[in-house]
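Trainee: Please read through the structure below; I'll follow up with questions.
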Amino acid sequence: MADTAAATLRITGMHCAACADTLEAALRRVPGILAASVSAAGQAAEVRWDPARVGPEAIAQAVRAAGYDAAPDTSAAARRLRKREARVGLWRLFVAGLCAMQIMMLAEPVYLAGPGEIAPEYRRLLAWGQWTLSLPVLLFSAAPMFAGAWRSLKSRRIGMDVPVALGLAIAFLASTGVVFGPDAALLRREVYFDSLSMFVAFLLAGRYLEMTARHRAETALEQASSRLPARALRIAPDGQAAEVPIDALVAGDRLRVPLGETFPADGILCAGATAADESLLTGESRPATKAVGDAVIAGSINLGAPVEMIAERLGADTRAEAIAALMRAARTQRPALLAVADRWAGPFLWGILALSIGAFLAWQRIDADRALEAAIAVLIVTCPCALSLAAPTALLAAASRMGRGGLLVRDVNAIERLARVQTLFVDKTGTLTTGEPACARIRALAASVQGGAAAFAEKGASLAAWSSHPLAKAIHRRWNPDATVWCAIEETPGRGIAARDEHGDRWCLGSPEWLGWPASGGIEVVLARNGTPLLGFGFTETLREDAVRAIQRLHDDGVAVRLLSGDDPARVRRVAAALAIEDARGGLSPEDKLAALQQAQEARECVAMIGDGINDAPVLARADVAIAMGAGAALARSQADAILLSNRLGDVADARLLARRALRVVNQNLAWAVVYNATCVPLALSGHLPAWAAGLGMAASSLVVVLNSMRLAR
Amino acid sequence: MESLYLLVPLSALLVLALLGLFGWALNAGQFDDLEREGQRILGADSPLDADQATSPPLSEE
């Protein structure tokens, strides 16, 4: 097989799911490009090419020739593109808004005056003024709609841009004909510059708000630092430690990992003993004990003590990067759900074209002079204003409301999908639970303790205060330490802590194996005096405060909640029982989780996923709706449609209710658009619709849709 | 009424001039970050302008 090169490109200028197909087809036509896959949601293209036959410049040129713009997927270039996109978006909106207001001023006298009150020459002057001011709106502000329509036509797909562009063009051309035509036409027929410029301003305002929401979420993601440390401490053969950039490491390097830092590479521990928090990579909720010779994985956190390791695999070969690669592949396989408005665009367009041709033919037989006029009237009154505003306004209003609640929505179309979700997959560690263990029960292990267990637990808490191990901290949180004065304290990392009290007794608090007690019955820490085990401590995970209620509410809302975890199956079952989740699976690798999701999607279910870890990232990338915890790994957040900044699961239940309300509002808006068109079209067909009523109807239909959507934001 | 022949074109020109002014401000970056400028005063390390006093004058009573 020949050498291939691959890269991810960031694409700007994509407005709809159909754009992705257009661009994909354009890229595949370039000789030398082996594979191209474009994601409209991620605004990114993944391209594989043969470097001998084609260069990156030619690929970028192909993207530009298709009408989009491309940049390598690094945050600096992405930031520049975002800035330019924001500036151009605001500029187009401002031009449309200011001109629309001024056109309204010039249109208003004609609306208010009685018949014959304004002399024809002044009407022509006012119309001329409107025409001049609508030129920048049509040529500059509405350019993205015309470009979008052109792209859809080229790819033979009808997006919402097609009826919009057609309506704008017909309204403008017909009105232009009136402005420069004979006086009689000017008096009889009116001009539509005010309606069309206001419509463009409305649409652009919606698109601008959608863009700022997307930019805000993207900036928040880029600011989140990566979990891999950028520098590592390398120990030279002479024993000196020096800080080096992580890319300079090679396999076989001896590295020192300080307490609280992340392991920079996959490798083997060669000095010291510690506990590592691998929860973000594996979902395991308990820190894993690591002794000399144990494997450590890049991206996990060193909790116990400073240790030294030998690096074995670095960068792209590490487990964390392998998961990231799986995630990138999953992202491109995500099934595309057609947005509700785009489903309506095609039938709508064919409907109005058929009606206007019908009107033309019918009038040809009645009164041939008025045939063209009637056909144009149909095209103008069926302006797709309400239809094209129906979905974006409602979804944006819902997104802004969710943002106030603590769920930052990155892709507003995800709200529509959220309303359709049937199955919700949740991760356990860090999502349903806080990741901190809680001391749940104590058990007397010796007869002498019976009855006074609490006093021993307090002694244990007093000793636990000297350790930073998560289980010791949990004991200390649960029990009030007594007033024992400890001396000769020594901690063995990964095993436990030992000390003498004021009577000279030696107390130990640590793992059952260390103190010679069989590890069973849920006892994970043992307190011993002079070698005799006295008291055992059992732990559960701390559920997030509102987890039980949130899961119950989602269940009542018709969502099947399923638990996918990489943690020990017994612990998963305990959490599932506490939350009344029937379908819970533990011990899953990221690949297993992805397979479970794929299976649900193949059964044509709309699936959402909430997760926080690196191991959840592939599933999040593939899910129809991906929600990442705000406190989760950067990689997981980078894949999310929405980020749960509040870390309250109740906000997801709220968001689901709101999403369903938003979908109802979208449907109301669409119904209104249909009712409006169904009333106006027969009138226009029969030639009985006065022009002022058509203009007013068009403005009112947009306004009704916008106001109806605003109810969601309250 | 003849004055309309002057006023209507004038209003159109005025709008175009305003668009030009806004375009200049936009390209100069004045709208890139609307929140940062308002919050700059709260930043501890922002240097004082030359004409700003370092402490408010004491009231005489």
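In the structure tokens, the first chain shown is A, the next is B, and so on; residue numbers restart at 1 for each chain, and ligands run from 1 in the order shown.
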Show me, as a PyMOL selection string, every residue of chain A with an atom at most 7 Å from chain B, counting only C-alpha atoms.
Mentor: chain A and resi 87+91+95+129+133
Trainee: Give me the residues within 10 Å of range 297-301 of chain A as a PyMOL selection string, counting only C-alpha atoms and dropping any in the same chain fewer than 5 places off.
Mentor: chain A and resi 226-229+257-268+275-282+287+311-315+318-321+614+633
Trainee: Check range 296-425 of chain A with DSSP on the backbone and list each residue it calls helix (DSSP H, G or I), as a PyMOL selection string.
Mentor: chain A and resi 315-317+319-332+340-366+368-381+385-405+413-420
Trainee: Rounded to one decimal, what separation in Å do you get between CA of Val88 in chain A and CA of Val704 in chain A?
Mentor: 28.1 Å
Trainee: Find the distance between CA of Asp482 in chain A and CA of Ser462 in chain A and write it in Å to one decimal.
Mentor: 5.8 Å
Trainee: Using only C-alpha atoms, which residues sit within 7 Å of Gly566 in chain A once same-chain residues fewer than 4 positions away are excluded, as a VMD selection string?
Mentor: chain A and resid 282 to 284 586 to 589
Trainee: Could you save the residues just selected, with C-alpha atoms, as a compact mmCIF listing (two decimals), in the first residue's frame?
Mentor:
# COMPACT_ATOMS: atom_id res chain seq x y z
CA THR A 282 -10.91 3.40 32.58
CA GLY A 283 -13.90 4.52 34.64
CA GLU A 284 -12.43 2.69 37.64
CA GLY A 586 -19.67 -2.74 34.21
CA GLY A 587 -16.10 -3.56 33.25
CA LEU A 588 -16.43 -2.09 29.76
CA SER A 589 -13.54 -0.83 27.64
Trainee: So that I can check the secondary structure, give me every residue of range 231-265 of chain A assigned strand (DSSP E or B) by backbone DSSP, as a list in words.
Mentor: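 Assigned to strand (DSSP E or B), within range 231-265 of chain A: Arg231, Ala232, Leu233, Arg234, Ile235, Ala241, Ala242, Glu243, Val244, Pro245, Arg254, Leu255, Arg256, Val257 and Thr262 of chain A.
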Trainee: Can you spit out the residues from that selection as a compact mmCIF listing (two decimals), in the first residue's frame, using all heavy atoms?
Mentor:
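Contents of result24.txt, as written:
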# COMPACT_ATOMS: atom_id res chain seq x y z
N ARG A 231 5.31 19.16 30.08
CA ARG A 231 6.72 18.94 30.40
C ARG A 231 6.84 17.77 31.35
O ARG A 231 5.90 17.45 32.07
CB ARG A 231 7.31 20.20 31.04
CG ARG A 231 7.21 21.43 30.15
CD ARG A 231 7.90 22.60 30.75
NE ARG A 231 9.34 22.54 30.61
CZ ARG A 231 9.98 22.84 29.48
NH1 ARG A 231 9.31 23.19 28.41
NH2 ARG A 231 11.29 22.79 29.43
N ALA A 232 7.98 17.12 31.35
CA ALA A 232 8.19 15.98 32.24
C ALA A 232 9.57 16.09 32.86
O ALA A 232 10.45 16.77 32.33
CB ALA A 232 8.07 14.69 31.44
N LEU A 233 9.77 15.41 34.00
CA LEU A 233 11.07 15.41 34.67
C LEU A 233 11.83 14.16 34.26
O LEU A 233 11.46 13.05 34.61
CB LEU A 233 10.88 15.39 36.19
CG LEU A 233 10.57 16.72 36.88
CD1 LEU A 233 10.24 16.47 38.33
CD2 LEU A 233 11.78 17.66 36.76
N ARG A 234 12.91 14.35 33.48
CA ARG A 234 13.69 13.20 33.03
C ARG A 234 14.94 13.06 33.91
O ARG A 234 15.59 14.06 34.21
CB ARG A 234 14.09 13.38 31.57
CG ARG A 234 14.88 12.18 31.04
CD ARG A 234 14.92 12.16 29.55
NE ARG A 234 15.57 13.35 29.03
CZ ARG A 234 15.59 13.65 27.73
NH1 ARG A 234 14.98 12.88 26.87
NH2 ARG A 234 16.21 14.74 27.31
N ILE A 235 15.23 11.83 34.30
CA ILE A 235 16.41 11.61 35.14
C ILE A 235 17.54 11.10 34.26
O ILE A 235 17.42 10.06 33.60
CB ILE A 235 16.09 10.59 36.25
CG1 ILE A 235 14.90 11.11 37.07
CG2 ILE A 235 17.30 10.39 37.15
CD1 ILE A 235 14.31 10.10 37.97
N ALA A 241 17.88 15.27 37.71
CA ALA A 241 16.58 15.40 37.06
C ALA A 241 16.52 16.72 36.31
O ALA A 241 16.97 17.74 36.83
CB ALA A 241 15.46 15.34 38.08
N ALA A 242 16.04 16.70 35.09
CA ALA A 242 15.91 17.93 34.30
C ALA A 242 14.54 17.96 33.65
O ALA A 242 14.01 16.93 33.23
CB ALA A 242 17.00 17.97 33.24
N GLU A 243 13.95 19.17 33.60
CA GLU A 243 12.64 19.30 32.99
C GLU A 243 12.79 19.37 31.47
O GLU A 243 13.56 20.19 30.98
CB GLU A 243 11.97 20.57 33.53
CG GLU A 243 10.47 20.53 33.37
CD GLU A 243 9.81 21.61 34.20
OE1 GLU A 243 9.70 22.72 33.68
OE2 GLU A 243 9.41 21.34 35.35
N VAL A 244 12.09 18.51 30.76
CA VAL A 244 12.17 18.53 29.30
C VAL A 244 10.76 18.57 28.72
O VAL A 244 9.81 18.10 29.35
CB VAL A 244 12.91 17.28 28.76
CG1 VAL A 244 14.37 17.29 29.12
CG2 VAL A 244 12.23 16.01 29.25
N PRO A 245 10.61 19.14 27.51
CA PRO A 245 9.29 19.10 26.86
C PRO A 245 8.90 17.65 26.57
O PRO A 245 9.76 16.82 26.32
CB PRO A 245 9.47 19.88 25.56
CG PRO A 245 10.85 20.38 25.54
CD PRO A 245 11.60 19.83 26.69
N ARG A 254 14.01 7.44 31.90
CA ARG A 254 13.60 7.28 33.28
C ARG A 254 13.00 8.62 33.71
O ARG A 254 13.62 9.67 33.56
CB ARG A 254 14.85 6.96 34.12
CG ARG A 254 14.57 6.38 35.49
CD ARG A 254 15.92 6.13 36.17
NE ARG A 254 15.70 5.90 37.59
CZ ARG A 254 15.52 4.69 38.11
NH1 ARG A 254 15.53 3.64 37.32
NH2 ARG A 254 15.33 4.55 39.40
N LEU A 255 11.76 8.60 34.24
CA LEU A 255 11.06 9.85 34.54
C LEU A 255 10.66 9.89 36.00
O LEU A 255 10.33 8.86 36.59
CB LEU A 255 9.79 9.97 33.68
CG LEU A 255 9.96 9.77 32.18
CD1 LEU A 255 8.60 9.64 31.53
CD2 LEU A 255 10.72 10.95 31.60
N ARG A 256 10.68 11.08 36.57
CA ARG A 256 10.18 11.25 37.93
C ARG A 256 8.79 11.89 37.84
O ARG A 256 8.59 12.85 37.11
CB ARG A 256 11.12 12.13 38.74
CG ARG A 256 10.64 12.36 40.18
CD ARG A 256 11.68 13.07 41.00
NE ARG A 256 12.87 12.24 41.17
CZ ARG A 256 14.07 12.74 41.48
NH1 ARG A 256 14.22 14.03 41.64
NH2 ARG A 256 15.11 11.95 41.63
N VAL A 257 7.83 11.34 38.58
CA VAL A 257 6.48 11.89 38.54
C VAL A 257 6.12 12.40 39.94
O VAL A 257 5.94 11.61 40.86
CB VAL A 257 5.45 10.82 38.10
CG1 VAL A 257 4.08 11.45 37.93
CG2 VAL A 257 5.90 10.15 36.81
N THR A 262 0.21 14.34 36.41
CA THR A 262 -0.23 13.24 35.56
C THR A 262 0.99 12.49 35.03
O THR A 262 2.05 13.08 34.84
CB THR A 262 -1.05 13.74 34.37
OG1 THR A 262 -0.33 14.79 33.76
CG2 THR A 262 -2.40 14.24 34.80
Trainee: Taking into account only C-alpha atoms, which residue in the set A:Pro512, A:Gly55, A:Pro437, A:Pro163 is nearest to Leu349 in chain A?
Mentor: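 So, comparing all the options, the nearest one is A:Pro163.
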Trainee: Just the number, please: distance in Å from CA of Ile170 in chain A to CA of Cys680 in chain A, one decimal.
Mentor: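 For CA of Ile170 in chain A relative to CA of Cys680 in chain A, the distance reads 16.9 Å.
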Trainee: Which residue out of A:Pro56, A:Pro144, A:Pro109, A:Gly252 has the minimum interatomic distance to Tyr68 in chain A when only C-alpha atoms are used?
Mentor: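 Going through A:Pro56, A:Pro144, A:Pro109, A:Gly252 one by one, the smallest distance to Tyr68 in chain A is for A:Pro144.
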Trainee: May I have the residues within 12 Å of Ala600 in chain A as a PDB file with C-alpha atoms, in the first residue's frame, using only C-alpha atoms and disregarding those fewer than 2 positions away in the same chain?
Mentor:
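So result-v5.pdb came out as:
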ATOM      1  CA  VAL A 421     -34.000  10.782  22.466  1.00  0.00           C
ATOM      2  CA  GLN A 422     -35.304   7.364  23.508  1.00  0.00           C
ATOM      3  CA  THR A 423     -32.228   5.940  25.198  1.00  0.00           C
ATOM      4  CA  LEU A 424     -29.779   7.718  27.446  1.00  0.00           C
ATOM      5  CA  PHE A 425     -26.440   6.098  28.205  1.00  0.00           C
ATOM      6  CA  ALA A 560     -34.659   4.551  28.951  1.00  0.00           C
ATOM      7  CA  ARG A 562     -28.745   2.660  30.706  1.00  0.00           C
ATOM      8  CA  LYS A 593     -19.052   1.149  25.215  1.00  0.00           C
ATOM      9  CA  LEU A 594     -18.947   2.227  21.571  1.00  0.00           C
ATOM     10  CA  ALA A 595     -20.280  -1.170  20.495  1.00  0.00           C
ATOM     11  CA  ALA A 596     -23.209  -0.903  22.936  1.00  0.00           C
ATOM     12  CA  LEU A 597     -24.107   2.507  21.524  1.00  0.00           C
ATOM     13  CA  GLN A 598     -23.743   1.310  17.949  1.00  0.00           C
ATOM     14  CA  GLU A 602     -28.625   0.182  14.560  1.00  0.00           C
ATOM     15  CA  ALA A 603     -31.993  -0.520  16.192  1.00  0.00           C
ATOM     16  CA  ARG A 604     -32.900   2.977  14.933  1.00  0.00           C
ATOM     17  CA  GLU A 605     -32.997   4.489  18.385  1.00  0.00           C
ATOM     18  CA  CYS A 606     -32.078   8.111  18.976  1.00  0.00           C
ATOM     19  CA  VAL A 607     -29.367   7.885  21.587  1.00  0.00           C
ATOM     20  CA  ALA A 608     -27.870  10.399  24.011  1.00  0.00           C
ATOM     21  CA  MET A 609     -24.769   9.938  26.132  1.00  0.00           C
ATOM     22  CA  VAL A 619     -19.147   7.155  22.601  1.00  0.00           C
ATOM     23  CA  ARG A 622     -20.888   8.864  17.946  1.00  0.00           C
ATOM     24  CA  ALA A 623     -24.014   9.600  20.036  1.00  0.00           C
ATOM     25  CA  ASP A 624     -26.864  11.600  18.507  1.00  0.00           C
TER      26      ASP A 624
END
Trainee: Using only C-alpha atoms, pick whichever of A:Ile103, A:Ile11, A:Ile366, A:Ala143 has the shortest atom-to-atom distance to Leu81 in chain A.
Mentor: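 Of all the options, A:Ile11 lies closest to Leu81 in chain A.
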